$ cat structure_2.pdb   # PDB, C-alpha atoms, pLDDT in the B column
MODEL        1
ATOM      1  CA  MET A   1     159.295  77.608  86.746  1.00 35.00           C
ATOM      2  CA  LEU A   2     157.744  79.057  83.656  1.00 34.00           C
ATOM      3  CA  TYR A   3     156.275  82.559  83.852  1.00 34.00           C
ATOM      4  CA  SER A   4     153.225  83.582  81.942  1.00 35.00           C
ATOM      5  CA  PRO A   5     151.081  86.688  82.549  1.00 37.00           C
ATOM      6  CA  GLY A   6     147.986  84.567  81.817  1.00 43.00           C
ATOM      7  CA  LEU A   7     149.094  81.900  84.266  1.00 41.00           C
ATOM      8  CA  ARG A   8     149.765  84.524  86.924  1.00 46.00           C
ATOM      9  CA  PHE A   9     146.290  86.007  86.430  1.00 44.00           C
ATOM     10  CA  THR A  10     144.738  82.539  86.674  1.00 49.00           C
ATOM     11  CA  GLY A  11     146.703  81.846  89.841  1.00 52.00           C
ATOM     12  CA  VAL A  12     145.527  85.095  91.470  1.00 49.00           C
ATOM     13  CA  THR A  13     141.965  84.407  90.355  1.00 46.00           C
ATOM     14  CA  LEU A  14     142.140  80.864  91.702  1.00 43.00           C
ATOM     15  CA  PHE A  15     143.598  82.122  94.998  1.00 47.00           C
ATOM     16  CA  LEU A  16     140.869  84.769  95.385  1.00 43.00           C
ATOM     17  CA  ALA A  17     138.166  82.260  94.514  1.00 46.00           C
ATOM     18  CA  LEU A  18     139.416  79.862  97.189  1.00 47.00           C
ATOM     19  CA  VAL A  19     139.669  82.636  99.792  1.00 47.00           C
ATOM     20  CA  LEU A  20     136.335  84.270  98.998  1.00 46.00           C
ATOM     21  CA  MET A  21     134.301  81.096  98.395  1.00 45.00           C
ATOM     22  CA  PRO A  22     133.603  80.426 102.108  1.00 46.00           C
ATOM     23  CA  PHE A  23     132.152  83.945 102.459  1.00 42.00           C
ATOM     24  CA  GLN A  24     129.848  83.361  99.490  1.00 43.00           C
ATOM     25  CA  LEU A  25     128.767  80.015 100.937  1.00 40.00           C
ATOM     26  CA  LEU A  26     127.993  81.705 104.276  1.00 42.00           C
ATOM     27  CA  ALA A  27     125.894  84.355 102.527  1.00 43.00           C
ATOM     28  CA  ASP A  28     124.035  81.685 100.544  1.00 46.00           C
ATOM     29  CA  SER A  29     123.423  79.560 103.646  1.00 46.00           C
ATOM     30  CA  SER A  30     122.092  82.529 105.642  1.00 45.00           C
ATOM     31  CA  LEU A  31     119.771  83.325 102.747  1.00 46.00           C
ATOM     32  CA  LYS A  32     118.549  79.728 102.645  1.00 44.00           C
ATOM     33  CA  GLN A  33     117.787  79.865 106.385  1.00 66.00           C
ATOM     34  CA  CYS A  34     115.394  82.738 105.682  1.00 87.00           C
ATOM     35  CA  ARG A  35     113.327  80.841 103.147  1.00 89.00           C
ATOM     36  CA  ILE A  36     111.965  77.382 102.712  1.00 89.00           C
ATOM     37  CA  GLY A  37     110.815  77.114  99.127  1.00 89.00           C
ATOM     38  CA  ASP A  38     108.655  80.147  98.394  1.00 91.00           C
ATOM     39  CA  ARG A  39     107.929  80.855 102.072  1.00 93.00           C
ATOM     40  CA  TYR A  40     109.839  82.715 104.747  1.00 94.00           C
ATOM     41  CA  LEU A  41     111.051  81.050 107.926  1.00 94.00           C
ATOM     42  CA  PHE A  42     109.492  82.847 110.924  1.00 96.00           C
ATOM     43  CA  GLY A  43     110.294  82.392 114.586  1.00 95.00           C
ATOM     44  CA  HIS A  44     107.454  82.431 117.114  1.00 96.00           C
ATOM     45  CA  HIS A  45     108.115  86.165 117.601  1.00 97.00           C
ATOM     46  CA  GLU A  46     109.074  88.616 114.834  1.00 97.00           C
ATOM     47  CA  ASN A  47     109.600  92.393 114.658  1.00 96.00           C
ATOM     48  CA  VAL A  48     107.150  94.584 112.770  1.00 96.00           C
ATOM     49  CA  THR A  49     109.179  97.529 111.464  1.00 94.00           C
ATOM     50  CA  ARG A  50     106.569  99.480 109.484  1.00 94.00           C
ATOM     51  CA  ILE A  51     102.798  99.767 109.128  1.00 94.00           C
ATOM     52  CA  ASP A  52     101.075 100.991 105.965  1.00 93.00           C
ATOM     53  CA  HIS A  53     104.369 102.069 104.334  1.00 88.00           C
ATOM     54  CA  GLN A  54     104.419 105.223 106.440  1.00 85.00           C
ATOM     55  CA  PHE A  55     104.844 104.534 110.144  1.00 86.00           C
ATOM     56  CA  ASP A  56     108.146 103.152 111.407  1.00 91.00           C
ATOM     57  CA  THR A  57     107.495 100.864 114.347  1.00 93.00           C
ATOM     58  CA  GLN A  58     109.320  98.720 116.838  1.00 93.00           C
ATOM     59  CA  LEU A  59     106.563  96.266 117.655  1.00 94.00           C
ATOM     60  CA  THR A  60     106.695  92.576 118.385  1.00 95.00           C
ATOM     61  CA  ALA A  61     104.361  90.167 116.622  1.00 97.00           C
ATOM     62  CA  LEU A  62     103.335  86.837 118.091  1.00 98.00           C
ATOM     63  CA  ILE A  63     103.276  84.238 115.319  1.00 98.00           C
ATOM     64  CA  ASP A  64     100.219  82.119 116.139  1.00 96.00           C
ATOM     65  CA  SER A  65      99.076  79.473 113.675  1.00 95.00           C
ATOM     66  CA  GLY A  66      96.327  78.523 116.141  1.00 93.00           C
ATOM     67  CA  SER A  67      94.518  81.815 115.537  1.00 94.00           C
ATOM     68  CA  THR A  68      92.412  82.266 112.438  1.00 94.00           C
ATOM     69  CA  THR A  69      92.637  86.054 112.045  1.00 95.00           C
ATOM     70  CA  SER A  70      95.521  88.409 112.789  1.00 97.00           C
ATOM     71  CA  SER A  71      94.892  91.146 115.343  1.00 97.00           C
ATOM     72  CA  MET A  72      96.419  94.526 116.121  1.00 97.00           C
ATOM     73  CA  ASP A  73      96.548  96.486 119.367  1.00 96.00           C
ATOM     74  CA  ALA A  74      94.159  99.399 118.859  1.00 97.00           C
ATOM     75  CA  ARG A  75      93.021 102.048 121.342  1.00 95.00           C
ATOM     76  CA  ASP A  76      90.085 104.487 121.284  1.00 97.00           C
ATOM     77  CA  ILE A  77      88.228 102.532 118.597  1.00 97.00           C
ATOM     78  CA  THR A  78      85.401 104.619 117.112  1.00 97.00           C
ATOM     79  CA  ILE A  79      83.105 103.538 114.265  1.00 97.00           C
ATOM     80  CA  LYS A  80      82.205 106.336 111.819  1.00 93.00           C
ATOM     81  CA  PRO A  81      79.521 105.930 109.131  1.00 94.00           C
ATOM     82  CA  MET A  82      80.330 107.843 105.952  1.00 91.00           C
ATOM     83  CA  PRO A  83      77.728 109.537 103.731  1.00 90.00           C
ATOM     84  CA  ASN A  84      78.066 106.734 101.135  1.00 91.00           C
ATOM     85  CA  GLY A  85      77.031 104.157 103.770  1.00 89.00           C
ATOM     86  CA  VAL A  86      80.495 102.633 104.221  1.00 92.00           C
ATOM     87  CA  LEU A  87      81.624 102.204 107.824  1.00 96.00           C
ATOM     88  CA  TRP A  88      85.065 103.470 108.774  1.00 97.00           C
ATOM     89  CA  VAL A  89      86.940 102.976 112.009  1.00 98.00           C
ATOM     90  CA  ARG A  90      89.173 105.526 113.715  1.00 97.00           C
ATOM     91  CA  PHE A  91      91.708 104.069 116.154  1.00 97.00           C
ATOM     92  CA  LYS A  92      95.101 104.729 117.698  1.00 96.00           C
ATOM     93  CA  ILE A  93      98.173 102.522 117.639  1.00 95.00           C
ATOM     94  CA  LEU A  94     101.483 102.861 119.439  1.00 92.00           C
ATOM     95  CA  THR A  95     104.618 102.762 117.283  1.00 92.00           C
ATOM     96  CA  GLU A  96     106.558 101.231 120.176  1.00 90.00           C
ATOM     97  CA  ARG A  97     105.712  99.869 123.605  1.00 83.00           C
ATOM     98  CA  GLY A  98     106.875 101.944 126.580  1.00 78.00           C
ATOM     99  CA  LYS A  99     107.807 105.592 126.978  1.00 77.00           C
ATOM    100  CA  ASN A 100     109.361 106.001 123.524  1.00 80.00           C
ATOM    101  CA  GLY A 101     106.241 105.020 121.575  1.00 80.00           C
ATOM    102  CA  ARG A 102     104.333 107.613 119.564  1.00 89.00           C
ATOM    103  CA  GLU A 103     100.581 107.397 119.274  1.00 92.00           C
ATOM    104  CA  ILE A 104      99.329 107.391 115.673  1.00 93.00           C
ATOM    105  CA  THR A 105      95.672 107.838 114.687  1.00 94.00           C
ATOM    106  CA  LEU A 106      94.471 105.839 111.687  1.00 95.00           C
ATOM    107  CA  LEU A 107      91.187 105.954 109.788  1.00 95.00           C
ATOM    108  CA  LYS A 108      90.371 102.872 107.710  1.00 97.00           C
ATOM    109  CA  PRO A 109      87.327 101.323 106.068  1.00 97.00           C
ATOM    110  CA  ILE A 110      85.855  98.346 107.898  1.00 98.00           C
ATOM    111  CA  LYS A 111      86.157  95.226 105.727  1.00 97.00           C
ATOM    112  CA  ARG A 112      83.865  93.111 107.933  1.00 97.00           C
ATOM    113  CA  TYR A 113      83.205  92.123 111.537  1.00 97.00           C
ATOM    114  CA  ILE A 114      84.219  88.896 113.242  1.00 97.00           C
ATOM    115  CA  LEU A 115      83.258  87.220 116.497  1.00 95.00           C
ATOM    116  CA  VAL A 116      86.307  86.172 118.519  1.00 90.00           C
ATOM    117  CA  GLN A 117      86.124  83.757 121.416  1.00 84.00           C
ATOM    118  CA  THR A 118      88.043  85.492 124.243  1.00 78.00           C
ATOM    119  CA  HIS A 119      89.968  83.873 127.086  1.00 76.00           C
ATOM    120  CA  ALA A 120      87.140  84.952 129.394  1.00 77.00           C
ATOM    121  CA  GLY A 121      84.791  82.752 127.356  1.00 81.00           C
ATOM    122  CA  LYS A 122      82.585  85.526 126.012  1.00 86.00           C
ATOM    123  CA  PRO A 123      82.589  86.183 122.225  1.00 91.00           C
ATOM    124  CA  GLN A 124      83.717  89.671 121.242  1.00 91.00           C
ATOM    125  CA  LYS A 125      82.604  91.468 118.061  1.00 95.00           C
ATOM    126  CA  ARG A 126      85.602  93.147 116.391  1.00 97.00           C
ATOM    127  CA  PRO A 127      85.983  95.332 113.308  1.00 98.00           C
ATOM    128  CA  VAL A 128      88.420  94.053 110.689  1.00 98.00           C
ATOM    129  CA  ILE A 129      90.611  96.365 108.620  1.00 98.00           C
ATOM    130  CA  GLU A 130      93.288  95.809 105.993  1.00 97.00           C
ATOM    131  CA  ALA A 131      96.852  97.030 106.591  1.00 97.00           C
ATOM    132  CA  THR A 132     100.306  96.482 105.157  1.00 96.00           C
ATOM    133  CA  ILE A 133     103.081  95.493 107.548  1.00 96.00           C
ATOM    134  CA  GLU A 134     106.798  94.954 107.109  1.00 95.00           C
ATOM    135  CA  LEU A 135     108.764  92.307 108.975  1.00 94.00           C
ATOM    136  CA  GLY A 136     112.399  92.670 107.943  1.00 86.00           C
ATOM    137  CA  ASN A 137     112.325  92.624 104.147  1.00 85.00           C
ATOM    138  CA  VAL A 138     108.930  90.878 104.043  1.00 93.00           C
ATOM    139  CA  LYS A 139     105.944  93.069 103.176  1.00 94.00           C
ATOM    140  CA  THR A 140     102.411  91.753 103.327  1.00 95.00           C
ATOM    141  CA  THR A 141      98.946  93.227 103.165  1.00 96.00           C
ATOM    142  CA  THR A 142      96.501  91.384 105.372  1.00 97.00           C
ATOM    143  CA  GLU A 143      93.387  91.734 107.506  1.00 98.00           C
ATOM    144  CA  PHE A 144      93.583  92.594 111.210  1.00 98.00           C
ATOM    145  CA  SER A 145      90.874  92.555 113.820  1.00 98.00           C
ATOM    146  CA  LEU A 146      91.131  95.570 116.128  1.00 98.00           C
ATOM    147  CA  THR A 147      91.207  95.090 119.890  1.00 95.00           C
ATOM    148  CA  SER A 148      93.178  96.199 122.910  1.00 94.00           C
ATOM    149  CA  ARG A 149      96.216  93.945 123.313  1.00 93.00           C
ATOM    150  CA  SER A 150      97.599  96.066 126.158  1.00 90.00           C
ATOM    151  CA  ARG A 151      97.651  93.094 128.543  1.00 90.00           C
ATOM    152  CA  PHE A 152      99.710  91.031 126.095  1.00 92.00           C
ATOM    153  CA  PRO A 153     103.463  91.510 125.571  1.00 93.00           C
ATOM    154  CA  GLN A 154     103.054  91.525 121.753  1.00 95.00           C
ATOM    155  CA  SER A 155     101.141  94.337 120.035  1.00 95.00           C
ATOM    156  CA  ILE A 156     100.374  92.244 116.965  1.00 97.00           C
ATOM    157  CA  LEU A 157      99.257  88.665 116.535  1.00 97.00           C
ATOM    158  CA  LEU A 158      99.725  87.105 113.105  1.00 98.00           C
ATOM    159  CA  GLY A 159      97.201  84.344 112.466  1.00 97.00           C
ATOM    160  CA  ARG A 160      96.620  81.851 109.684  1.00 97.00           C
ATOM    161  CA  ASN A 161      95.016  84.433 107.378  1.00 96.00           C
ATOM    162  CA  THR A 162      98.470  86.036 107.129  1.00 96.00           C
ATOM    163  CA  LEU A 163     100.731  83.025 107.595  1.00 96.00           C
ATOM    164  CA  ASP A 164      99.189  80.376 105.303  1.00 94.00           C
ATOM    165  CA  SER A 165     100.908  81.402 102.061  1.00 91.00           C
ATOM    166  CA  LEU A 166     103.746  83.379 103.619  1.00 95.00           C
ATOM    167  CA  ALA A 167     105.537  81.494 106.372  1.00 95.00           C
ATOM    168  CA  VAL A 168     106.909  78.301 107.809  1.00 95.00           C
ATOM    169  CA  ILE A 169     107.228  78.643 111.595  1.00 96.00           C
ATOM    170  CA  ASP A 170     110.112  77.430 113.755  1.00 95.00           C
ATOM    171  CA  THR A 171     108.585  77.583 117.232  1.00 95.00           C
ATOM    172  CA  SER A 172     111.966  77.025 118.895  1.00 95.00           C
ATOM    173  CA  GLN A 173     113.361  80.319 117.528  1.00 94.00           C
ATOM    174  CA  LYS A 174     112.612  84.057 117.746  1.00 95.00           C
ATOM    175  CA  TYR A 175     113.271  86.936 115.333  1.00 94.00           C
ATOM    176  CA  LEU A 176     114.560  84.834 112.437  1.00 93.00           C
ATOM    177  CA  LEU A 177     113.753  87.567 109.901  1.00 93.00           C
ATOM    178  CA  ASN A 178     116.171  90.019 111.581  1.00 89.00           C
ATOM    179  CA  GLY A 179     119.211  88.353 110.047  1.00 78.00           C
ATOM    180  CA  CYS A 180     117.790  87.770 106.566  1.00 80.00           C
ATOM    181  CA  GLN A 181     119.601  89.076 103.537  1.00 69.00           C
ATOM    182  CA  PRO A 182     117.359  91.199 101.304  1.00 62.00           C
ATOM    183  CA  ASP A 183     116.540  89.115  98.268  1.00 57.00           C
ATOM    184  CA  GLY A 184     113.708  91.181  96.905  1.00 54.00           C
ATOM    185  CA  ASP A 185     110.543  92.028  98.745  1.00 50.00           C
ATOM    186  CA  ILE A 186     107.632  89.688  98.808  1.00 51.00           C
ATOM    187  CA  ALA A 187     104.235  91.325  98.757  1.00 48.00           C
ATOM    188  CA  LEU A 188     101.205  89.141  99.264  1.00 47.00           C
ATOM    189  CA  ARG A 189      97.558  90.105  99.410  1.00 43.00           C
ATOM    190  CA  HIS A 190      95.287  88.006 101.582  1.00 44.00           C
TER     191      HIS A 190
ENDMDL
END
$ encode --input "structure_2.pdb" --output "structure tokens"
Amino acid sequence: MLYSPGLRFTGVTLFLALVLMPFQLLADSSLKQCRIGDRYLFGHHENVTRIDHQFDTQLTALIDSGSTTSSMDARDITIKPMPNGVLWVRFKILTERGKNGREITLLKPIKRYILVQTHAGKPQKRPVIEATIELGNVKTTTEFSLTSRSRFPQSILLGRNTLDSLAVIDTSQKYLLNGCQPDGDIALRH
């Protein structure tokens, strides 16, 4: 057998490439499972890990393409007119359901009002605000109607106003964004 330092280096490189290639393929395939084209693959539930870049949360979002507007669980909703005529809303959110959740008070300008048909059949007038949320490595700024979602297991509902240009939904899965590899944040404005 002939010996050559170059041949030995090539052999080691070839060996490492063959050993490490399956790991690279696994990383690439897990990344592909997180995206379909330019959209993220969401399950029918996802974790919201941060609101407005400042509040860490452990909240569950229901992914609901049947709803037009996203909504957020809000308590003690109070409308405050400002001297310039703009209406603001003060409300409280929980950072986590249960005993470990902190209550955070937010003050935001009202973007508009919407009428929402409730399960009871009576339309409800709700203020709409804009907030930024993070789901895994996905960041998006979107509109939320404010209402009490205390009787629902999920604190946040993401509707079509958020999902249309952001997500493809696999309704048979939950929490698909939890295992995504960071590949750069996506920030969309709706």
$ residues_around --input "structure_2.pdb" --residues "A:Phe91" --least-positions-apart "6" --cutoff "9 Å" --atoms "only C-alpha atoms" --output "PyMOL selection string"
chain A and resi 74-79+104-108+146
$ residues_around --input "structure_2.pdb" --residues "A:Lys174" --least-positions-apart "3" --cutoff "10 Å" --atoms "only C-alpha atoms" --output "list in words"
Phe42, Gly43, His44, His45, Glu46, Asn47, Leu62, Ile63, Ile169, Asp170, Thr171, Leu177 and Asn178 of chain A
$ closest_residue --input "structure_2.pdb" --among "A:Leu157, A:Ala120, A:Leu59, A:Ile133" --to "A:Gly98" --atoms "all atoms listed in the file"
A:Leu59
$ resolve_selection --input "structure_2.pdb" --expression "the PyMOL selection byres ((chain A and resi 96) around 10)" --output "list in words"
Val48, Thr49, Asp56, Thr57, Gln58, Leu59, Thr60, Ile93, Leu94, Thr95, Arg97, Gly98, Lys99, Asn100, Gly101, Arg102, Glu103 and Ser155 of chain A
$ resolve_selection --input "structure_2.pdb" --expression "the PyMOL selection byres ((chain A and resi 69-71) around 7)" --output "PyMOL selection string"
chain A and resi 67-68+72-73+143-146+156-162
$ residues_near_point --input "structure_2.pdb" --point "(105.7, 80.3, 101.9)" --cutoff "8 Å" --atoms "all atoms listed in the file" --output "ChimeraX atom specification"
/A:35-40,164-168
$ resolve_selection --input "structure_2.pdb" --expression "the PyMOL selection byres ((chain A and resi 128) around 6)" --output "ChimeraX atom specification"
/A:110-113,127,129,144-145
$ write_last_selection --input "structure_2.pdb" --atoms "C-alpha atoms" --output "PDB file, keeping the file's coordinate frame"
ATOM      1  CA  ILE A 110      85.855  98.346 107.898  1.00 98.00           C
ATOM      2  CA  LYS A 111      86.157  95.226 105.727  1.00 97.00           C
ATOM      3  CA  ARG A 112      83.865  93.111 107.933  1.00 97.00           C
ATOM      4  CA  TYR A 113      83.205  92.123 111.537  1.00 97.00           C
ATOM      5  CA  PRO A 127      85.983  95.332 113.308  1.00 98.00           C
ATOM      6  CA  ILE A 129      90.611  96.365 108.620  1.00 98.00           C
ATOM      7  CA  PHE A 144      93.583  92.594 111.210  1.00 98.00           C
ATOM      8  CA  SER A 145      90.874  92.555 113.820  1.00 98.00           C
TER       9      SER A 145
END
$ closest_residue --input "structure_2.pdb" --among "A:Ala61, A:Met82, A:Val138, A:Ala131" --to "A:Gln154" --atoms "only C-alpha atoms"
A:Ala61
$ axis_aligned_box --input "structure_2.pdb" --around "stretch 58-62 of chain A" --padding-each-side "3 Å" --output "AutoDock Vina command-line options"
--center_x 106.3 --center_y 92.8 --center_z 117.5 --size_x 12.0 --size_y 17.9 --size_z 7.8
$ atom_distance --input "structure_2.pdb" --atom1 "atom CA of A:Arg50" --atom2 "atom CA of A:Thr132"
8.2 Å
$ atom_distance --input "structure_2.pdb" --atom1 "atom CA of A:Ile114" --atom2 "atom CA of A:Thr147"
11.5 Å
$ atom_distance --input "structure_2.pdb" --atom1 "atom CA of A:Arg90" --atom2 "atom CA of A:Glu134"
21.6 Å
$ closest_residue --input "structure_2.pdb" --among "A:Leu176, A:Leu135, A:Cys34, A:Leu163" --to "A:Asp52" --atoms "all atoms listed in the file"
A:Leu135
